[in-house]
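What follows is a single structure, written as structure tokens, with notes after it.
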Amino acid sequence: MGDNWDDKIDYLKSTRDYFWNEDYLEFLIKYVWKINTPIKIIDFGCGYGYLGMKLLPLLPKGSTYTGIDIGKELLQTAEKAFQNSLFEVNFIETDLLDYVPSPEYDLAICQSVLRHIPQYKTILKK
């Protein structure tokens with residue numbers, strides 16, 4: 001797959017602060033996507049779980065988040081970030097090329113990961 005970003009955690013954290021506007025995310029959830037019941041989210045290339053941190057507080061109570069990434073340290077950082085939260089989260093360490101998708105999710109997301117994967121068309125087909 002693409003690069004393992006374990007050694008870029010500080011960079012990712014410093015650049016994500018201004019990546020998403022929470023008001024806009026709330027607008028998307030309520031008025032565009034019209035999510036009003038709990039959903040199950042899967043995040044491909046989740047890194048340290050940033051998008052889950054932003055989405056879960058805005059989603060209906062009972063929503064869940066699964067993050068998939070190849071970076072062991074990134075996932076350990078994500079697990080620490082969520083360890084005292086009330087949210088149901090799960091993190092899977094695997095290469096996206098090896099991951100077998102499951103139809104148990106309501107929303108599949110990826111943020112900035114496809115541009116780092118040379119075989120992005122293969123991933124999209126999966």
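Every chain in the structure tokens takes a letter, A first, then B, and so on in the order presented; its residues are numbered from 1, and the ligands are numbered from 1 following the presented order.
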Margin query: To test your reading of the structure, identify every residue in chain A that backbone DSSP assigns to helix (DSSP H, G or I), and report it as a ChimeraX atom specification.
Written below: /A:6-16,22-32,50-58,72-82,114-116,120-125
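Near A:Glu22, within 9 Å and counting only C-alpha atoms, sit A:Phe27, A:Lys54, A:Leu55, A:Leu58, not including residues fewer than 5 positions from it in the same chain.
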Margin query: Just want the 10 Å neighbourhood of A:Thr94, counted on only C-alpha atoms, with same-chain residues fewer than 5 positions away dropped. Output as a PyMOL selection string.
Written below: chain A and resi 1+45+68-72+99
Margin query: What's around A:Cys110 at 9 Å? Count only C-alpha atoms, leave out sequence neighbours fewer than 5 positions away in its own chain, and write the answer as a ChimeraX atom specification.
Written below: /A:42-46,51
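The residue set within 12 Å of A:Tyr120, counting only C-alpha atoms and dropping same-chain residues fewer than 6 places from it, reads Met1, Gly2, Phe44, Leu96, Leu97, Cys110, Ser112, Val113, Leu114 and Lys126 of chain A.
The shell of residues at most 8 Å from A:Phe87, with only C-alpha atoms counted and near chain neighbours (fewer than 6 positions) removed, consists of A:Leu56, A:Gly62, A:Ser63, A:Thr64.
When atom CA of A:Ser85 is paired with atom CA of A:Met53, their separation reads 9.8 Å.
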